[in-house]
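Chemist: File final.tsv follows (TSV, C-alpha atoms):
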```tsv
chain	number	residue	atom	x	y	z
W	744	MET	CA	-0.02	25.34	-48.71
W	745	LYS	CA	-1.69	23.89	-45.63
W	746	ILE	CA	-5.36	24.59	-45.05
W	747	CYS	CA	-7.08	23.78	-41.77
W	748	ILE	CA	-10.81	23.05	-41.62
W	749	THR	CA	-12.51	22.62	-38.24
W	750	SER	CA	-14.36	19.31	-38.18
W	751	GLN	CA	-16.62	17.13	-36.09
W	752	GLY	CA	-14.81	13.98	-37.25
W	753	ALA	CA	-11.48	12.74	-38.55
W	754	THR	CA	-12.42	12.34	-42.23
W	755	LEU	CA	-13.20	14.54	-45.23
W	756	ASP	CA	-16.84	13.34	-45.09
W	757	ALA	CA	-17.29	14.64	-41.53
W	758	PRO	CA	-19.44	17.74	-40.97
W	759	VAL	CA	-17.61	21.05	-40.56
W	760	GLU	CA	-17.56	22.18	-36.90
W	761	GLU	CA	-18.59	25.82	-36.75
W	762	ARG	CA	-16.66	26.59	-33.56
W	763	PHE	CA	-12.91	27.00	-33.81
W	764	GLY	CA	-11.38	26.56	-30.33
W	765	ARG	CA	-13.75	23.77	-29.34
W	766	ALA	CA	-13.73	21.88	-32.63
W	767	PRO	CA	-13.17	18.16	-31.98
W	768	PHE	CA	-10.80	17.82	-34.97
W	769	PHE	CA	-8.64	19.95	-37.19
W	770	ILE	CA	-8.43	18.53	-40.72
W	771	ILE	CA	-5.29	19.83	-42.37
W	772	ILE	CA	-5.26	19.55	-46.15
W	773	ASP	CA	-2.21	20.12	-48.29
W	774	SER	CA	-3.61	22.03	-51.28
W	775	GLY	CA	-0.65	20.99	-53.44
W	776	THR	CA	-0.92	17.22	-53.03
W	777	GLY	CA	-4.53	16.95	-51.83
W	778	SER	CA	-3.42	14.74	-48.93
W	779	PHE	CA	-4.83	15.39	-45.47
W	780	THR	CA	-4.20	14.66	-41.81
W	781	ALA	CA	-6.66	14.83	-38.92
W	782	ILE	CA	-5.49	16.26	-35.61
W	783	GLU	CA	-7.61	15.70	-32.53
W	784	ASN	CA	-8.05	18.98	-30.66
W	785	GLN	CA	-6.95	18.30	-27.09
W	786	PHE	CA	-8.39	21.65	-25.98
W	787	ALA	CA	-11.93	20.93	-27.24
W	788	ARG	CA	-13.23	20.27	-23.74
W	789	GLY	CA	-10.96	22.72	-21.90
W	790	ALA	CA	-12.33	25.07	-19.26
W	791	GLY	CA	-11.16	28.34	-20.76
W	792	GLY	CA	-8.56	30.06	-22.88
W	793	VAL	CA	-8.88	27.33	-25.52
W	794	GLY	CA	-8.90	29.75	-28.48
W	795	PRO	CA	-5.26	30.90	-28.26
W	796	LYS	CA	-4.09	27.36	-27.45
W	797	ALA	CA	-5.89	25.90	-30.48
W	798	ALA	CA	-4.42	28.70	-32.61
W	799	GLN	CA	-0.95	27.60	-31.52
W	800	VAL	CA	-1.65	24.11	-32.87
W	801	LEU	CA	-2.24	25.64	-36.30
W	802	ILE	CA	0.88	27.77	-36.06
W	803	ALA	CA	2.96	24.71	-35.14
W	804	GLN	CA	1.55	22.91	-38.20
W	805	ASP	CA	2.50	25.84	-40.44
W	806	VAL	CA	-1.10	26.30	-41.54
W	807	LYS	CA	-1.70	29.33	-43.78
W	808	VAL	CA	-5.50	29.27	-44.12
W	809	LEU	CA	-8.22	28.44	-41.60
W	810	ILE	CA	-11.79	27.60	-42.60
W	811	SER	CA	-14.30	27.61	-39.74
W	812	GLY	CA	-17.74	28.90	-38.79
W	813	GLN	CA	-16.77	31.29	-36.06
W	814	VAL	CA	-13.43	32.30	-34.55
W	815	GLY	CA	-13.43	33.98	-31.13
W	816	GLY	CA	-11.69	37.27	-30.37
W	817	ASN	CA	-8.59	35.92	-28.64
W	818	ALA	CA	-7.96	33.18	-31.19
W	819	ARG	CA	-8.54	35.67	-33.98
W	820	GLU	CA	-5.86	37.96	-32.56
W	821	VAL	CA	-3.32	35.12	-32.42
W	822	LEU	CA	-4.17	33.84	-35.90
W	823	ALA	CA	-4.02	37.32	-37.40
W	824	ALA	CA	-0.67	38.01	-35.73
W	825	ALA	CA	0.64	34.73	-37.16
W	826	GLY	CA	-0.56	35.73	-40.62
W	827	ILE	CA	-3.15	32.95	-40.96
W	828	ALA	CA	-6.02	33.91	-43.26
W	829	MET	CA	-9.49	33.10	-41.88
W	830	TYR	CA	-12.39	32.08	-44.10
W	831	THR	CA	-15.98	31.62	-42.98
W	832	TYR	CA	-17.94	28.47	-43.85
W	833	ARG	CA	-21.48	28.13	-42.48
W	834	SER	CA	-23.23	26.01	-45.10
W	835	GLY	CA	-23.52	23.03	-42.76
W	836	GLY	CA	-21.75	20.68	-45.20
W	837	THR	CA	-18.75	18.39	-45.06
W	838	VAL	CA	-15.06	19.20	-44.80
W	839	LYS	CA	-14.74	18.25	-48.47
W	840	ASP	CA	-17.50	20.70	-49.45
W	841	ALA	CA	-15.77	23.48	-47.49
W	842	PHE	CA	-12.48	22.70	-49.22
W	843	ASP	CA	-14.15	22.67	-52.66
W	844	GLN	CA	-15.78	26.03	-52.00
W	845	PHE	CA	-12.43	27.43	-50.89
W	846	THR	CA	-10.78	26.22	-54.11
W	847	LYS	CA	-13.56	27.83	-56.15
W	848	ASN	CA	-13.00	31.11	-54.22
W	849	THR	CA	-16.61	31.26	-53.04
W	850	LEU	CA	-15.81	31.51	-49.34
W	851	GLU	CA	-15.83	34.84	-47.58
W	852	LEU	CA	-12.62	36.11	-46.02
W	853	SER	CA	-13.19	36.95	-42.38
W	854	THR	CA	-11.36	40.02	-41.11
G	1154	MET	CA	-17.48	33.17	14.28
G	1155	LYS	CA	-17.65	33.50	10.52
G	1156	LEU	CA	-20.97	32.76	8.80
G	1157	ALA	CA	-21.76	32.50	5.10
G	1158	ILE	CA	-25.23	33.04	3.69
G	1159	ALA	CA	-25.56	31.16	0.41
G	1160	SER	CA	-28.35	29.66	-1.67
G	1161	GLY	CA	-27.51	27.96	-4.90
G	1162	LYS	CA	-30.54	29.42	-6.67
G	1163	GLY	CA	-30.60	33.19	-7.01
G	1164	GLY	CA	-33.43	35.28	-5.62
G	1165	THR	CA	-34.25	33.05	-2.66
G	1166	GLY	CA	-33.54	35.70	-0.03
G	1167	LYS	CA	-29.84	35.53	0.89
G	1168	THR	CA	-29.59	39.27	1.19
G	1169	MET	CA	-32.79	39.50	3.21
G	1170	VAL	CA	-31.47	36.98	5.72
G	1171	ALA	CA	-27.99	38.54	5.80
G	1172	VAL	CA	-29.09	42.13	6.42
G	1173	ASN	CA	-31.69	41.21	9.03
G	1174	LEU	CA	-29.35	38.86	10.86
G	1175	ALA	CA	-26.61	41.52	10.88
G	1176	PHE	CA	-29.04	44.24	12.00
G	1177	THR	CA	-30.44	42.10	14.81
G	1178	LEU	CA	-27.07	40.97	16.14
G	1179	SER	CA	-25.66	44.51	15.93
G	1180	GLN	CA	-28.20	45.56	18.58
G	1181	THR	CA	-26.09	43.70	21.14
G	1182	GLU	CA	-22.62	43.08	19.66
G	1183	ARG	CA	-20.11	44.11	17.02
G	1184	VAL	CA	-20.90	42.64	13.61
G	1185	THR	CA	-19.00	42.75	10.32
G	1186	LEU	CA	-21.11	42.22	7.23
G	1187	VAL	CA	-19.17	41.35	4.08
G	1188	ASP	CA	-20.79	41.63	0.65
G	1189	CYS	CA	-19.06	38.81	-1.26
G	1190	ASP	CA	-21.51	39.01	-4.18
G	1191	VAL	CA	-19.00	41.32	-5.84
G	1192	GLU	CA	-20.55	41.07	-9.29
G	1193	GLU	CA	-23.73	42.68	-8.03
G	1194	PRO	CA	-23.27	43.85	-4.45
G	1195	ASN	CA	-26.40	45.25	-2.86
G	1196	LEU	CA	-26.00	45.26	0.95
G	1197	HIS	CA	-25.07	48.96	0.84
G	1198	LEU	CA	-28.60	49.70	-0.40
G	1199	PHE	CA	-29.93	48.49	2.96
G	1200	PHE	CA	-27.21	50.25	4.95
G	1201	PRO	CA	-26.44	53.53	3.19
G	1202	ALA	CA	-23.47	55.30	4.75
G	1203	PRO	CA	-20.38	57.17	3.58
G	1204	GLY	CA	-17.43	54.82	3.21
G	1205	ILE	CA	-13.76	54.62	2.41
G	1206	THR	CA	-13.03	53.00	-0.95
G	1207	THR	CA	-9.78	51.33	-1.91
G	1208	GLU	CA	-8.75	49.69	-5.16
G	1209	VAL	CA	-8.15	45.96	-5.55
G	1210	THR	CA	-5.40	45.02	-7.95
G	1211	VAL	CA	-3.96	41.75	-9.22
G	1212	PRO	CA	-0.45	41.26	-10.63
G	1213	VAL	CA	-0.30	40.69	-14.38
G	1214	PRO	CA	2.79	39.95	-16.45
G	1215	VAL	CA	4.47	42.51	-18.68
G	1216	VAL	CA	6.91	41.16	-21.26
G	1217	ASP	CA	10.04	43.07	-22.19
G	1218	GLU	CA	10.33	42.27	-25.90
G	1219	THR	CA	13.97	43.40	-26.00
G	1220	THR	CA	15.06	40.66	-23.53
G	1221	CYS	CA	12.53	38.01	-24.63
G	1222	ASP	CA	13.92	35.38	-27.03
G	1223	HIS	CA	10.45	33.86	-27.66
G	1224	CYS	CA	11.40	30.48	-26.20
G	1225	GLY	CA	7.77	29.76	-25.35
G	1226	ARG	CA	8.27	28.62	-21.73
G	1227	CYS	CA	5.68	31.10	-20.43
G	1228	GLU	CA	3.11	29.80	-22.89
G	1229	GLU	CA	3.80	26.19	-21.84
G	1230	VAL	CA	3.36	26.92	-18.15
G	1231	CYS	CA	0.20	29.01	-18.55
G	1232	GLN	CA	-2.81	26.79	-17.87
G	1233	TYR	CA	-5.26	29.48	-18.98
G	1234	GLY	CA	-4.06	30.24	-22.51
G	1235	ALA	CA	-3.21	33.81	-21.52
G	1236	MET	CA	0.25	33.78	-23.12
G	1237	THR	CA	0.80	33.09	-26.79
G	1238	VAL	CA	4.37	33.23	-28.07
G	1239	LEU	CA	4.84	33.79	-31.78
G	1240	ARG	CA	8.15	33.75	-33.63
G	1241	ASN	CA	8.78	37.42	-33.06
G	1242	ARG	CA	6.29	38.62	-30.45
G	1243	VAL	CA	4.30	37.63	-27.38
G	1244	LEU	CA	0.54	38.10	-27.18
G	1245	PHE	CA	-0.92	38.47	-23.68
G	1246	PHE	CA	-4.65	38.18	-22.95
G	1247	PRO	CA	-5.24	39.88	-19.59
G	1248	GLU	CA	-8.83	38.62	-19.23
G	1249	LEU	CA	-7.59	35.01	-19.38
G	1250	CYS	CA	-4.79	35.58	-16.82
G	1251	HIS	CA	-5.35	34.21	-13.29
G	1252	SER	CA	-2.31	36.04	-11.84
G	1253	CYS	CA	-0.62	32.79	-10.83
G	1254	GLY	CA	2.86	34.20	-11.49
G	1255	GLY	CA	3.99	31.05	-13.32
G	1256	CYS	CA	5.21	32.85	-16.45
G	1257	THR	CA	7.35	35.26	-14.44
G	1258	LEU	CA	8.89	32.34	-12.53
G	1259	VAL	CA	9.80	30.19	-15.52
G	1260	CYS	CA	11.14	32.91	-17.83
G	1261	PRO	CA	14.84	32.01	-18.24
G	1262	ASN	CA	15.72	35.53	-19.43
G	1263	GLY	CA	14.02	37.54	-16.71
G	1264	ALA	CA	12.03	39.23	-19.46
G	1265	ILE	CA	8.74	39.16	-17.54
G	1266	HIS	CA	7.87	41.37	-14.59
G	1267	GLU	CA	4.51	41.93	-12.92
G	1268	GLU	CA	2.51	45.11	-12.71
G	1269	PRO	CA	-0.68	45.71	-10.73
G	1270	LYS	CA	-3.93	45.82	-12.67
G	1271	ARG	CA	-7.09	47.22	-11.08
G	1272	ILE	CA	-10.03	44.82	-11.09
G	1273	GLY	CA	-12.42	46.43	-8.61
G	1274	THR	CA	-12.88	48.17	-5.28
G	1275	ILE	CA	-13.67	47.54	-1.65
G	1276	THR	CA	-15.67	50.03	0.39
G	1277	ILE	CA	-15.74	50.00	4.20
G	1278	SER	CA	-18.43	51.88	6.08
G	1279	THR	CA	-20.03	51.99	9.52
G	1280	PRO	CA	-23.76	52.36	8.89
G	1281	LEU	CA	-24.66	51.55	12.52
G	1282	PRO	CA	-22.54	52.00	15.65
G	1283	ASN	CA	-21.95	48.24	15.98
G	1284	LEU	CA	-22.03	47.36	12.28
G	1285	LYS	CA	-19.12	47.41	9.88
G	1286	LEU	CA	-19.99	46.87	6.21
G	1287	ILE	CA	-17.33	45.70	3.76
G	1288	SER	CA	-18.53	45.75	0.15
G	1289	GLY	CA	-16.52	44.25	-2.67
G	1290	MET	CA	-17.29	45.48	-6.16
G	1291	LEU	CA	-15.89	44.01	-9.35
G	1292	ASP	CA	-15.25	46.43	-12.19
G	1293	THR	CA	-17.56	45.98	-15.17
G	1294	GLY	CA	-16.01	43.78	-17.83
G	1295	ASN	CA	-13.63	42.02	-15.46
G	1296	PRO	CA	-14.10	38.26	-15.22
G	1297	HIS	CA	-12.31	37.45	-11.93
G	1298	ALA	CA	-14.43	37.92	-8.81
G	1299	VAL	CA	-12.33	35.74	-6.53
G	1300	PRO	CA	-9.44	38.16	-5.74
G	1301	ILE	CA	-11.96	40.81	-4.62
G	1302	ILE	CA	-13.79	38.33	-2.40
G	1303	ARG	CA	-10.48	37.23	-0.90
G	1304	ALA	CA	-9.45	40.84	-0.23
G	1305	ALA	CA	-12.83	41.68	1.33
G	1306	LYS	CA	-12.71	38.63	3.61
G	1307	ASN	CA	-9.12	39.46	4.60
G	1308	LEU	CA	-10.24	42.86	5.82
G	1309	ALA	CA	-12.60	41.09	8.22
G	1310	ALA	CA	-10.10	38.41	9.24
G	1311	ASN	CA	-9.65	39.64	12.81
G	1312	ASP	CA	-13.25	40.65	13.49
G	1313	PRO	CA	-15.11	38.56	16.09
G	1314	LEU	CA	-18.38	38.04	14.23
G	1315	VAL	CA	-18.46	38.07	10.44
G	1316	ILE	CA	-21.44	37.47	8.14
G	1317	CYS	CA	-20.62	36.92	4.45
G	1318	ASP	CA	-23.35	37.31	1.85
G	1319	THR	CA	-22.33	35.08	-1.09
G	1320	ALA	CA	-23.08	35.20	-4.77
G	1321	PRO	CA	-25.76	32.82	-6.07
G	1322	GLY	CA	-24.70	29.60	-7.74
G	1323	THR	CA	-22.02	27.10	-6.76
G	1324	SER	CA	-18.99	28.28	-8.71
G	1325	CYS	CA	-15.66	29.85	-7.71
G	1326	PRO	CA	-17.05	32.99	-5.98
G	1327	VAL	CA	-19.23	30.82	-3.73
G	1328	VAL	CA	-16.40	28.38	-2.98
G	1329	GLU	CA	-14.06	31.27	-2.13
G	1330	THR	CA	-16.65	32.80	0.21
G	1331	LEU	CA	-17.51	29.53	1.99
G	1332	ASP	CA	-13.89	28.50	2.41
G	1333	GLY	CA	-12.87	28.96	6.04
G	1334	CYS	CA	-16.37	29.82	7.32
G	1335	ASP	CA	-17.56	28.16	10.55
G	1336	ALA	CA	-21.10	27.68	9.30
G	1337	CYS	CA	-23.21	28.18	6.21
G	1338	ILE	CA	-26.86	29.17	6.06
G	1339	LEU	CA	-28.46	28.02	2.82
G	1340	VAL	CA	-31.55	30.04	1.98
G	1341	THR	CA	-33.99	28.17	-0.23
G	1342	GLU	CA	-37.53	28.35	-1.53
G	1343	SER	CA	-39.96	25.45	-1.88
G	1344	THR	CA	-39.94	25.27	-5.65
G	1345	PRO	CA	-38.43	22.58	-7.91
G	1346	PHE	CA	-35.69	25.03	-8.91
G	1347	GLY	CA	-35.04	25.94	-5.30
G	1348	LEU	CA	-34.64	22.31	-4.30
G	1349	HIS	CA	-32.53	21.46	-7.34
G	1350	ASP	CA	-30.02	24.19	-6.61
G	1351	LEU	CA	-30.15	23.58	-2.85
G	1352	ARG	CA	-28.96	20.04	-3.54
G	1353	LEU	CA	-25.93	21.41	-5.42
G	1354	ALA	CA	-25.15	23.99	-2.73
G	1355	VAL	CA	-25.35	21.35	0.02
G	1356	GLU	CA	-22.79	19.28	-1.89
G	1357	VAL	CA	-20.41	22.23	-2.19
G	1358	ALA	CA	-20.64	23.09	1.51
G	1359	ALA	CA	-20.14	19.43	2.45
G	1360	ARG	CA	-17.09	19.16	0.19
G	1361	LEU	CA	-15.63	22.24	1.87
G	1362	GLY	CA	-16.41	20.83	5.30
G	1363	VAL	CA	-18.60	23.77	6.34
G	1364	PRO	CA	-21.48	22.81	8.69
G	1365	THR	CA	-24.75	23.81	7.07
G	1366	GLY	CA	-28.30	24.68	8.08
G	1367	ILE	CA	-31.33	25.63	6.01
G	1368	VAL	CA	-33.67	28.62	5.93
G	1369	ILE	CA	-36.88	28.17	3.94
G	1370	ASN	CA	-38.03	31.53	2.62
G	1371	ARG	CA	-41.35	32.56	1.02
G	1372	SER	CA	-42.94	29.43	2.41
G	1373	ASP	CA	-46.51	28.77	1.31
G	1374	GLY	CA	-46.73	25.94	3.81
G	1375	LYS	CA	-46.09	23.27	1.17
G	1376	ASP	CA	-42.47	22.62	2.02
G	1377	GLN	CA	-42.65	18.83	2.25
G	1378	ALA	CA	-40.12	18.04	-0.53
G	1379	THR	CA	-37.56	20.44	0.94
G	1380	ILE	CA	-38.11	19.17	4.48
G	1381	GLU	CA	-37.72	15.56	3.33
G	1382	PHE	CA	-34.50	16.44	1.52
G	1383	CYS	CA	-33.20	18.10	4.68
G	1384	MET	CA	-34.10	15.09	6.83
G	1385	ASP	CA	-32.42	12.72	4.37
G	1386	HIS	CA	-29.25	14.79	4.53
G	1387	ASP	CA	-29.32	15.46	8.26
G	1388	LEU	CA	-29.75	19.21	7.76
G	1389	ASP	CA	-31.58	21.42	10.25
G	1390	VAL	CA	-34.34	23.68	8.95
G	1391	MET	CA	-33.33	26.55	11.24
G	1392	MET	CA	-36.00	29.05	10.20
G	1393	THR	CA	-39.06	29.27	7.97
G	1394	ILE	CA	-40.13	32.68	6.66
G	1395	PRO	CA	-43.67	32.80	5.26
G	1396	PHE	CA	-44.67	34.11	1.85
G	1397	ASP	CA	-45.92	37.55	2.85
G	1398	ARG	CA	-46.55	40.66	0.77
G	1399	GLU	CA	-45.60	42.97	3.60
G	1400	ILE	CA	-42.17	41.33	4.02
G	1401	ALA	CA	-41.63	41.59	0.27
G	1402	ALA	CA	-42.65	45.26	0.28
G	1403	ILE	CA	-40.31	46.12	3.17
G	1404	GLN	CA	-37.39	44.40	1.45
G	1405	SER	CA	-38.19	45.95	-1.94
G	1406	ARG	CA	-38.03	49.48	-0.63
G	1407	GLY	CA	-34.62	48.81	0.94
G	1408	ASP	CA	-35.88	48.67	4.50
G	1409	LEU	CA	-35.23	46.00	7.12
G	1410	LEU	CA	-37.89	43.58	8.31
G	1411	CYS	CA	-36.36	43.55	11.80
G	1412	ARG	CA	-36.46	47.35	12.01
G	1413	VAL	CA	-40.04	47.71	10.78
G	1414	ARG	CA	-41.26	44.61	12.64
G	1415	PRO	CA	-38.93	44.31	15.66
G	1416	GLU	CA	-40.73	41.14	16.77
G	1417	TRP	CA	-38.79	39.36	13.98
G	1418	GLN	CA	-35.54	39.98	15.88
G	1419	THR	CA	-36.37	37.04	18.15
G	1420	ALA	CA	-36.43	34.69	15.17
G	1421	PHE	CA	-33.14	35.99	13.76
G	1422	THR	CA	-31.47	35.75	17.18
G	1423	ALA	CA	-32.66	32.15	17.34
G	1424	LEU	CA	-31.26	31.53	13.86
G	1425	PHE	CA	-27.88	32.74	15.04
G	1426	ILE	CA	-27.95	30.53	18.12
G	1427	LYS	CA	-28.76	27.53	15.91
G	1428	CYS	CA	-25.80	28.40	13.67
G	1429	GLY	CA	-23.58	28.31	16.74
G	1430	ALA	CA	-25.04	24.93	17.63
G	1431	ILE	CA	-24.31	23.33	14.23
G	1432	THR	CA	-20.69	24.52	14.27
G	1433	GLY	CA	-19.91	23.50	17.79
G	1434	VAL	CA	-17.78	26.69	17.96
G	1435	GLN	CA	-17.48	28.08	21.48
G	1436	ARG	CA	-18.04	31.81	21.56
```
Render the structure in this file as structure tokens.
Modeler:
Amino acid sequence: MKICITSQGATLDAPVEERFGRAPFFIIIDSGTGSFTAIENQFARGAGGVGPKAAQVLIAQDVKVLISGQVGGNAREVLAAAGIAMYTYRSGGTVKDAFDQFTKNTLELST
Amino acid sequence: MKLAIASGKGGTGKTMVAVNLAFTLSQTERVTLVDCDVEEPNLHLFFPAPGITTEVTVPVPVVDETTCDHCGRCEEVCQYGAMTVLRNRVLFFPELCHSCGGCTLVCPNGAIHEEPKRIGTITISTPLPNLKLISGMLDTGNPHAVPIIRAAKNLAANDPLVICDTAPGTSCPVVETLDGCDACILVTESTPFGLHDLRLAVEVAARLGVPTGIVINRSDGKDQATIEFCMDHDLDVMMTIPFDREIAAIQSRGDLLCRVRPEWQTAFTALFIKCGAITGVQR
């Protein structure tokens, strides 16, 4: 299963970015193998409507779970329609910490 | 001649200049005053009169899910993220849509048609025999002011003398209002904020090729920084209005300086003549 964590950098040690649509990177972790890829978010500096566009990136990557600080209304609608579960992480830690908390089921599901 | 009254910084006195200029000129000729600050129009407070209100609509796409095969072309063409195509449905975000019509054009299945969506109103009134007031008003919650401004300006397109009161700032509503005007009056105040935003507004007007002059409002006599900026940029200070409690009181109760103090009409007539001079437009 692919899990996307919004990030300020391209590595697992990078801090989690709390914004979804304007996150500089999406770190996509395969929970089965533990391998990850970093995707630069080309919409991070866009003028508007970035939420739905960023959501499409996740859909194209077949992501099933998103971990981020805050997901805007439009993006949320797209993600929900695509069946992507959204979890909230606001502890200010790294991508790895967010992933660990998700594995331990301590993150809150955002609905 | 078409004039825009703009400022950059809010609260410098655009409306005060617009209503008094329109009132003064309407003593001798036909004037059309257009309220292009459609997010918070207020000229009607100074010229109360019954008016005729019409709706402003913009076309928005409607997707027929029975003909749509979810190919995603509409999403690709949309520069505003308003269309999201999923495997089995299309999500449309009307508040992101700029009504460009691109999605309808590119749909290979003809599954998209456009329907009008109301975004605001325009009210036309005749508060004085020689004065026509056109007020645009954006509906609450709607993000797109520009189509209303465009519609309001269109209604004045054939009028001989048009004064447009713009929104504050330097973004799309201001650009739309200034576009096509023969001259722009920038109303400023001699504060650091006033000068900072004046600088931005001067750049916008210059980029649009609209000749510009300056009105200094609420002057306490210490206008040196503003005057130096104007000299450096070859801008005329066409009028200076002093800081004066009586002027503020007249404006605050919705009255007109030039009606209460008719001697001010001379200054506003002179302002208009200077506007004509900076445009070079023959009237």
Chemist: Excluding segment 1297-1299 of chain G and residues on its chain fewer than 3 positions from it, collect all residues at most 10 Å away from it, counting all atoms listed in the file, and give them as a list in words.
Modeler: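 Here the answer would be Cys1189, Asp1190, Val1191, Glu1192, Val1211, Glu1248, Leu1249, Cys1250, His1251, Ile1272, Gly1273, Gly1289, Met1290, Leu1291, Asp1292, Gly1294, Ile1302, Arg1303, Ala1304, Ala1305, Ala1320, Cys1325, Pro1326, Val1327, Val1328, Glu1329 and Thr1330 of chain G.
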Chemist: Using all atoms listed in the file, which residues sit within 8 Å of Gly1254 of chain G once same-chain residues fewer than 3 positions away are excluded, as a list in words?
Modeler: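 Result of the neighbour search: Pro1212, Val1213, Pro1214, Thr1257 and Leu1258 of chain G.
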Chemist: What are the residues of chain W that have an atom within 7 Å of an atom of chain G, counting only C-alpha atoms, as a list of chain:residue names?
Modeler: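 Taking only C-alpha atoms into account, W:Gly791, W:Gly792, W:Val793, W:Pro795, W:Lys796, W:Ala825 sit within 7 Å of chain G.
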Chemist: List as a VMD selection string: which residues have an atom within 12 Å of (-7.3, 35.5, -33.9), counting all atoms listed in the file?
Modeler: (chain W and resid 763 to 764 793 to 799 801 to 802 809 813 to 830 853 to 854) or (chain G and resid 1237 1244 1246)
Chemist: For Leu1186 of chain G, please output as a list in words all residues within 9 Å (counting only C-alpha atoms; exclusion window: fewer than 3 positions along the same chain).
Modeler: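 Residues near the query, excluding close chain neighbours: Ala1171, Val1172, Ala1175, Leu1196, Leu1284, Lys1285, Leu1286, Ile1287, Ser1288, Ala1309, Leu1314, Val1315, Ile1316, Cys1317 and Asp1318 of chain G.
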Chemist: Within 7 Å of Ile1394 of chain G, counting all atoms listed in the file, which residues show up once you throw out same-chain ones fewer than 3 positions away? Write them as a PyMOL selection string, please.
Modeler: chain G and resi 1369-1372
Chemist: Have a look at W:Cys747, W:Leu755, W:Ser774, W:Leu852 and name the one nearest to Val838 of chain W; count all atoms listed in the file.
Modeler: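 With all atoms listed in the file as the atom set, the closest residue is W:Leu755.
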Chemist: Counting only C-alpha atoms, find the residues whose atoms lie at most 7 Å from (-34.3, 29.4, 0.0) (file coordinates) and write them out as a PDB file with C-alpha atoms, keeping the file's coordinate frame.
Modeler:
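Ended up saving to result_0.pdb:
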```pdb
ATOM      1  CA  SER G1160     -28.350  29.660  -1.670  1.00  0.00           C
ATOM      2  CA  THR G1165     -34.250  33.050  -2.660  1.00  0.00           C
ATOM      3  CA  GLY G1166     -33.540  35.700  -0.030  1.00  0.00           C
ATOM      4  CA  LEU G1339     -28.460  28.020   2.820  1.00  0.00           C
ATOM      5  CA  VAL G1340     -31.550  30.040   1.980  1.00  0.00           C
ATOM      6  CA  THR G1341     -33.990  28.170  -0.230  1.00  0.00           C
ATOM      7  CA  GLU G1342     -37.530  28.350  -1.530  1.00  0.00           C
ATOM      8  CA  GLY G1347     -35.040  25.940  -5.300  1.00  0.00           C
ATOM      9  CA  VAL G1368     -33.670  28.620   5.930  1.00  0.00           C
ATOM     10  CA  ILE G1369     -36.880  28.170   3.940  1.00  0.00           C
ATOM     11  CA  ASN G1370     -38.030  31.530   2.620  1.00  0.00           C
TER      12      ASN G1370
END
```
Chemist: Give me, please, the distance in Å between atom CA of Thr1206 of chain G and atom CA of Asn1283 of chain G, quoted to one decimal.
Modeler: 19.7 Å
Chemist: Kindly give the distance, in Å, that separates atom CA of Glu1356 of chain G and atom CA of Ala790 of chain W, rounded to a single decimal.
Modeler: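 Going from atom CA of Glu1356 of chain G over to atom CA of Ala790 of chain W covers 21.1 Å.
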Chemist: List as a ChimeraX atom specification the protein and nucleic acid residues near Thr1207 of chain G, meaning an atom at most 9 Å away when all atoms listed in the file are counted, but skip any in the same chain fewer than 2 places from it.
Modeler: /G:1205,1209,1273-1277
Chemist: May I ask which of the residues G:Thr1323, G:Ser1405, G:Ser1343, G:Thr1181 is the closest one to Lys1375 of chain G, counting only C-alpha atoms?
Modeler: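 For Lys1375 of chain G, the nearest of the candidates is G:Ser1343.
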Chemist: Just how far from atom CA of Thr776 of chain W is atom CA of Gln751 of chain W, in Å to one decimal?
Modeler: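 For atom CA of Gln751 of chain W relative to atom CA of Thr776 of chain W, the distance reads 23.1 Å.
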Chemist: Of the residues G:Thr1220, G:Arg1406, G:Pro1300, G:Val1390, which is the one nearest to Pro1261 of chain G, using all atoms listed in the file?
Modeler: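 Between G:Thr1220, G:Arg1406, G:Pro1300, G:Val1390, the residue approaching Pro1261 of chain G most closely is G:Thr1220.
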Chemist: From the options W:Phe845, W:Thr837, W:Leu850, W:Ala787, which residue's atoms come nearest to Pro758 of chain W, counting only C-alpha atoms?
Modeler: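 Nearest candidate to Pro758 of chain W out of W:Phe845, W:Thr837, W:Leu850, W:Ala787: W:Thr837.
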